[in-house]
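The block underneath contains the structure these notes are about, expressed in structure tokens.
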Amino acid sequence: MATPHHEAEHRVEGTANSLAVRIFTPRVDAAARPVLLIHGFASSSELNWVATGWITALHDAGRKVIAVDLPGHGLSPAPEDLDAYTPSRIRAELLQILQDAHVRPLVEGDASSGVDVLGYSLGARLAWEFAGTQPQLVHRVVLGGPASSDPLATFDLEAARGQLAGGEPIADPTTAELVRMAQLVPTNNMFSLLSMVEAIKTEPFSPEEAVPSMPVLLVAGERDELAASLPTLLELARGHQGSDAHVRELILPARTHANAVTSRAYKQAAVEFING
């Protein structure tokens, strides 16, 4: 795998970026459009995409990869400003990152124009909204572990803050599990992660407000509880496009939300889809 390099600091509306960017360039450049990767909550580009073999799979297909770390995750800073964690701010930063990487608007017949977007879990929500609002840039989008509503919307912030301060254990099982998983990653900044939850609660996910108009592939593990809402996203995408032809789904047998991202079948399907 090629060695990544880090992009110079960009600025959005005069404010320093809160997303670390890693560019992975393949040894053999196929002159194809790049791929933007957006990881999930309490993860990172390293954990979500590098360690699971995604960069290698995309490089084998001749794709340059632009991987970002969300605020407070991976190599990104942990801003004190709550606005830095909102989905709308993150989408603005993603747009600036693509401009800095010289990604050009889509041109029919030009396979190097535009960008393909892959998002997992929270990254799938962000990718759905980004694709829905940037049709002139996004060629195809692959959403892994998606949901039609945001699981973080019911996160018990007060209980989480209380436990982290040495108080009572968290009663809500979903909140408790998210905090447990977040604490397993030494680089995670818990203050930052809770700030992200708080910010996301101010901008609830409404998938019907920004439906992608380009081809969409939705992927979920068979044992992923979030997969129950997959049909809602499929219906929205198919209704918006007026056809089933460019909206596909893949259910991974025996996989959960936690381990679906490691699936070889998932990687193969995603690469074939964005190359279509």
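Chain lettering (A, B, ...) mirrors the order of the structure tokens, residue numbering begins at 1 for each chain separately, and ligand numbering begins at 1 in order of display.
Once region 231-244 of chain A and its same-chain neighbours fewer than 5 positions away are set aside, Pro146, Ala147, Ser148, Pro207, Glu208, Val211, Pro212, Ser213, Met214, Pro215, Val216, Leu218 and Glu249 of chain A remain within 9 Å of it when counting only C-alpha atoms.
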Quick one: residues within 12 Å of Gly72 (chain A), only C-alpha atoms counted, chain neighbours fewer than 5 positions away excluded, as a PDB file with C-alpha atoms, in the first residue's frame?
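Printed below is result25.pdb as written:
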```
ATOM      1  CA  ASN A  17     -10.176  22.953   9.685  1.00  0.00           C
ATOM      2  CA  SER A  18     -11.205  20.348  12.243  1.00  0.00           C
ATOM      3  CA  LEU A  19     -10.826  17.356   9.908  1.00  0.00           C
ATOM      4  CA  ALA A  20      -7.469  15.661   9.419  1.00  0.00           C
ATOM      5  CA  PHE A  41     -18.665   7.437  15.305  1.00  0.00           C
ATOM      6  CA  ALA A  42     -15.816   6.662  17.752  1.00  0.00           C
ATOM      7  CA  SER A  43     -13.717   5.214  14.906  1.00  0.00           C
ATOM      8  CA  SER A  44     -11.138   6.763  12.551  1.00  0.00           C
ATOM      9  CA  PRO A  77      -8.106  18.094  16.668  1.00  0.00           C
ATOM     10  CA  ALA A  78     -10.801  18.325  19.353  1.00  0.00           C
ATOM     11  CA  PRO A  79     -12.326  21.786  18.950  1.00  0.00           C
ATOM     12  CA  GLU A  80     -13.999  23.503  21.880  1.00  0.00           C
ATOM     13  CA  ASP A  81     -16.533  25.169  19.573  1.00  0.00           C
ATOM     14  CA  LEU A  82     -19.681  23.025  19.414  1.00  0.00           C
ATOM     15  CA  ALA A  84     -17.342  22.410  14.612  1.00  0.00           C
ATOM     16  CA  TYR A  85     -19.126  19.100  15.218  1.00  0.00           C
ATOM     17  CA  ALA A 182     -15.466   4.757  22.339  1.00  0.00           C
ATOM     18  CA  VAL A 185      -9.849   3.494  21.283  1.00  0.00           C
ATOM     19  CA  PRO A 186      -6.998   5.218  23.179  1.00  0.00           C
ATOM     20  CA  THR A 187      -6.823   8.168  20.775  1.00  0.00           C
ATOM     21  CA  ASN A 188     -10.491   9.101  21.211  1.00  0.00           C
ATOM     22  CA  ASN A 189     -11.177  12.337  23.050  1.00  0.00           C
ATOM     23  CA  MET A 190     -14.322  11.627  25.092  1.00  0.00           C
ATOM     24  CA  PHE A 191     -15.121  15.318  25.606  1.00  0.00           C
ATOM     25  CA  SER A 192     -14.988  15.763  21.845  1.00  0.00           C
ATOM     26  CA  LEU A 193     -17.131  12.710  21.137  1.00  0.00           C
ATOM     27  CA  LEU A 194     -19.827  13.908  23.517  1.00  0.00           C
ATOM     28  CA  SER A 195     -19.639  17.334  21.889  1.00  0.00           C
ATOM     29  CA  MET A 196     -20.294  15.651  18.561  1.00  0.00           C
ATOM     30  CA  VAL A 197     -23.339  13.864  19.982  1.00  0.00           C
TER      31      VAL A 197
END
```
**Report entry** Selection: 6 Å around Gly145 (chain A), only C-alpha atoms, excl. self and same-chain fewer than 4 positions, as JSON, numbers by chain
**Finding:** {"A": [120, 121, 220]}
Report task. Return the single residue from A:Asp156, A:Gly167, A:Leu122, A:Ala61 that is closest to Phe273 (chain A), with distances computed using only C-alpha atoms. Result -> A:Ala61
Query raised in the report: Using only C-alpha atoms, which of the listed residues (A:Gly74, A:Pro34, A:Gly119, A:Pro87) sits closest to Glu198 (chain A)?
Result: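 Nearest candidate to Glu198 (chain A) out of A:Gly74, A:Pro34, A:Gly119, A:Pro87: A:Pro87.
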Requested in this report: Between CA of Asn48 (chain A) and CA of Glu93 (chain A), measure the distance and give it in Å to one decimal.
Outcome: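 It comes out at 19.8 Å.
Using only C-alpha atoms, the smallest distance between any of A:Val107, A:Val21, A:Ile274, A:Ala131 and Val35 (chain A) comes from A:Ile274.
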**Report entry** Spatial neighbours of Val65 (chain A), max dist 8 Å, only C-alpha atoms, sep filter under 3 positions, as a ChimeraX atom specification
**Finding:** /A:23-25,34-37,55,58-59
Any chance you can output those residues with all heavy atoms as a PDB file, in the first residue's frame?
```
ATOM      1  N   ILE A  23      -4.199  11.454   2.249  1.00  0.00           N
ATOM      2  CA  ILE A  23      -4.329  11.122   0.833  1.00  0.00           C
ATOM      3  C   ILE A  23      -3.496   9.875   0.563  1.00  0.00           C
ATOM      4  O   ILE A  23      -2.295   9.838   0.854  1.00  0.00           O
ATOM      5  CB  ILE A  23      -3.836  12.267  -0.067  1.00  0.00           C
ATOM      6  CG1 ILE A  23      -4.542  13.581   0.286  1.00  0.00           C
ATOM      7  CG2 ILE A  23      -4.035  11.895  -1.533  1.00  0.00           C
ATOM      8  CD1 ILE A  23      -5.999  13.614  -0.014  1.00  0.00           C
ATOM      9  N   PHE A  24      -4.139   8.849   0.028  1.00  0.00           N
ATOM     10  CA  PHE A  24      -3.453   7.601  -0.325  1.00  0.00           C
ATOM     11  C   PHE A  24      -3.443   7.495  -1.854  1.00  0.00           C
ATOM     12  O   PHE A  24      -4.496   7.361  -2.485  1.00  0.00           O
ATOM     13  CB  PHE A  24      -4.172   6.394   0.268  1.00  0.00           C
ATOM     14  CG  PHE A  24      -4.231   6.366   1.773  1.00  0.00           C
ATOM     15  CD1 PHE A  24      -5.231   7.051   2.454  1.00  0.00           C
ATOM     16  CD2 PHE A  24      -3.299   5.643   2.508  1.00  0.00           C
ATOM     17  CE1 PHE A  24      -5.301   7.017   3.843  1.00  0.00           C
ATOM     18  CE2 PHE A  24      -3.363   5.604   3.892  1.00  0.00           C
ATOM     19  CZ  PHE A  24      -4.360   6.292   4.565  1.00  0.00           C
ATOM     20  N   THR A  25      -2.257   7.550  -2.426  1.00  0.00           N
ATOM     21  CA  THR A  25      -2.132   7.514  -3.881  1.00  0.00           C
ATOM     22  C   THR A  25      -1.622   6.140  -4.324  1.00  0.00           C
ATOM     23  O   THR A  25      -0.586   5.685  -3.840  1.00  0.00           O
ATOM     24  CB  THR A  25      -1.155   8.601  -4.367  1.00  0.00           C
ATOM     25  OG1 THR A  25      -1.611   9.871  -3.889  1.00  0.00           O
ATOM     26  CG2 THR A  25      -1.080   8.628  -5.885  1.00  0.00           C
ATOM     27  N   PRO A  34     -11.179  10.187  -7.674  1.00  0.00           N
ATOM     28  CA  PRO A  34     -10.813   9.743  -6.336  1.00  0.00           C
ATOM     29  C   PRO A  34     -12.027   9.243  -5.552  1.00  0.00           C
ATOM     30  O   PRO A  34     -13.178   9.429  -5.969  1.00  0.00           O
ATOM     31  CB  PRO A  34     -10.231  11.005  -5.698  1.00  0.00           C
ATOM     32  CG  PRO A  34     -10.912  12.130  -6.407  1.00  0.00           C
ATOM     33  CD  PRO A  34     -11.111  11.652  -7.819  1.00  0.00           C
ATOM     34  N   VAL A  35     -11.734   8.640  -4.406  1.00  0.00           N
ATOM     35  CA  VAL A  35     -12.776   8.127  -3.515  1.00  0.00           C
ATOM     36  C   VAL A  35     -12.635   8.810  -2.162  1.00  0.00           C
ATOM     37  O   VAL A  35     -11.551   8.820  -1.571  1.00  0.00           O
ATOM     38  CB  VAL A  35     -12.658   6.597  -3.340  1.00  0.00           C
ATOM     39  CG1 VAL A  35     -13.770   6.077  -2.425  1.00  0.00           C
ATOM     40  CG2 VAL A  35     -12.718   5.892  -4.691  1.00  0.00           C
ATOM     41  N   LEU A  36     -13.717   9.389  -1.681  1.00  0.00           N
ATOM     42  CA  LEU A  36     -13.753  10.023  -0.361  1.00  0.00           C
ATOM     43  C   LEU A  36     -14.309   9.030   0.648  1.00  0.00           C
ATOM     44  O   LEU A  36     -15.377   8.454   0.437  1.00  0.00           O
ATOM     45  CB  LEU A  36     -14.635  11.277  -0.405  1.00  0.00           C
ATOM     46  CG  LEU A  36     -14.920  11.970   0.927  1.00  0.00           C
ATOM     47  CD1 LEU A  36     -13.644  12.563   1.511  1.00  0.00           C
ATOM     48  CD2 LEU A  36     -15.989  13.050   0.750  1.00  0.00           C
ATOM     49  N   LEU A  37     -13.579   8.829   1.754  1.00  0.00           N
ATOM     50  CA  LEU A  37     -13.997   7.890   2.793  1.00  0.00           C
ATOM     51  C   LEU A  37     -14.351   8.641   4.076  1.00  0.00           C
ATOM     52  O   LEU A  37     -13.572   9.472   4.553  1.00  0.00           O
ATOM     53  CB  LEU A  37     -12.868   6.893   3.093  1.00  0.00           C
ATOM     54  CG  LEU A  37     -12.355   6.037   1.928  1.00  0.00           C
ATOM     55  CD1 LEU A  37     -11.274   5.083   2.415  1.00  0.00           C
ATOM     56  CD2 LEU A  37     -13.495   5.267   1.277  1.00  0.00           C
ATOM     57  N   ILE A  55      -8.248   0.453   1.889  1.00  0.00           N
ATOM     58  CA  ILE A  55      -7.314   1.234   1.074  1.00  0.00           C
ATOM     59  C   ILE A  55      -6.650   0.330   0.038  1.00  0.00           C
ATOM     60  O   ILE A  55      -6.516   0.700  -1.140  1.00  0.00           O
ATOM     61  CB  ILE A  55      -6.242   1.917   1.948  1.00  0.00           C
ATOM     62  CG1 ILE A  55      -6.895   2.755   3.056  1.00  0.00           C
ATOM     63  CG2 ILE A  55      -5.329   2.780   1.083  1.00  0.00           C
ATOM     64  CD1 ILE A  55      -7.785   3.867   2.574  1.00  0.00           C
ATOM     65  N   LEU A  58      -9.125  -0.483  -2.791  1.00  0.00           N
ATOM     66  CA  LEU A  58      -9.331   0.650  -3.690  1.00  0.00           C
ATOM     67  C   LEU A  58      -8.079   0.947  -4.517  1.00  0.00           C
ATOM     68  O   LEU A  58      -8.171   1.306  -5.701  1.00  0.00           O
ATOM     69  CB  LEU A  58      -9.742   1.882  -2.879  1.00  0.00           C
ATOM     70  CG  LEU A  58     -11.146   1.785  -2.256  1.00  0.00           C
ATOM     71  CD1 LEU A  58     -11.343   2.851  -1.192  1.00  0.00           C
ATOM     72  CD2 LEU A  58     -12.227   1.893  -3.333  1.00  0.00           C
ATOM     73  N   HIS A  59      -6.903   0.756  -3.924  1.00  0.00           N
ATOM     74  CA  HIS A  59      -5.659   0.932  -4.674  1.00  0.00           C
ATOM     75  C   HIS A  59      -5.531  -0.117  -5.769  1.00  0.00           C
ATOM     76  O   HIS A  59      -5.045   0.179  -6.870  1.00  0.00           O
ATOM     77  CB  HIS A  59      -4.460   0.856  -3.731  1.00  0.00           C
ATOM     78  CG  HIS A  59      -4.153   2.159  -3.074  1.00  0.00           C
ATOM     79  ND1 HIS A  59      -3.080   2.340  -2.237  1.00  0.00           N
ATOM     80  CD2 HIS A  59      -4.781   3.360  -3.138  1.00  0.00           C
ATOM     81  CE1 HIS A  59      -3.067   3.594  -1.810  1.00  0.00           C
ATOM     82  NE2 HIS A  59      -4.091   4.226  -2.335  1.00  0.00           N
TER      83      HIS A  59
END
```
Requested in this report: Quick one: pull the distance between CA of Ala210 (chain A) and CA of Ser88 (chain A), Å, one decimal.
Outcome: 12.1 Å
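Distances to Val271 (chain A) were evaluated for A:Met181, A:Val103, A:Val141, A:Leu94 using only C-alpha atoms, and the minimum falls at A:Val141.
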Query raised in the report: Residues at most 6 Å from Val138 (chain A), counting only C-alpha atoms, excluding those fewer than 2 positions away in the same chain, as a PyMOL selection string?
Result: chain A and resi 114-116+131+135+140
Requested in this report: Determine the nearest neighbour of Arg161 (chain A) from the options A:Leu137, A:Ala176, A:Val50, A:Ala260, counting only C-alpha atoms.
Outcome: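 Once distances to Arg161 (chain A) are computed over only C-alpha atoms, the minimum belongs to A:Ala176.
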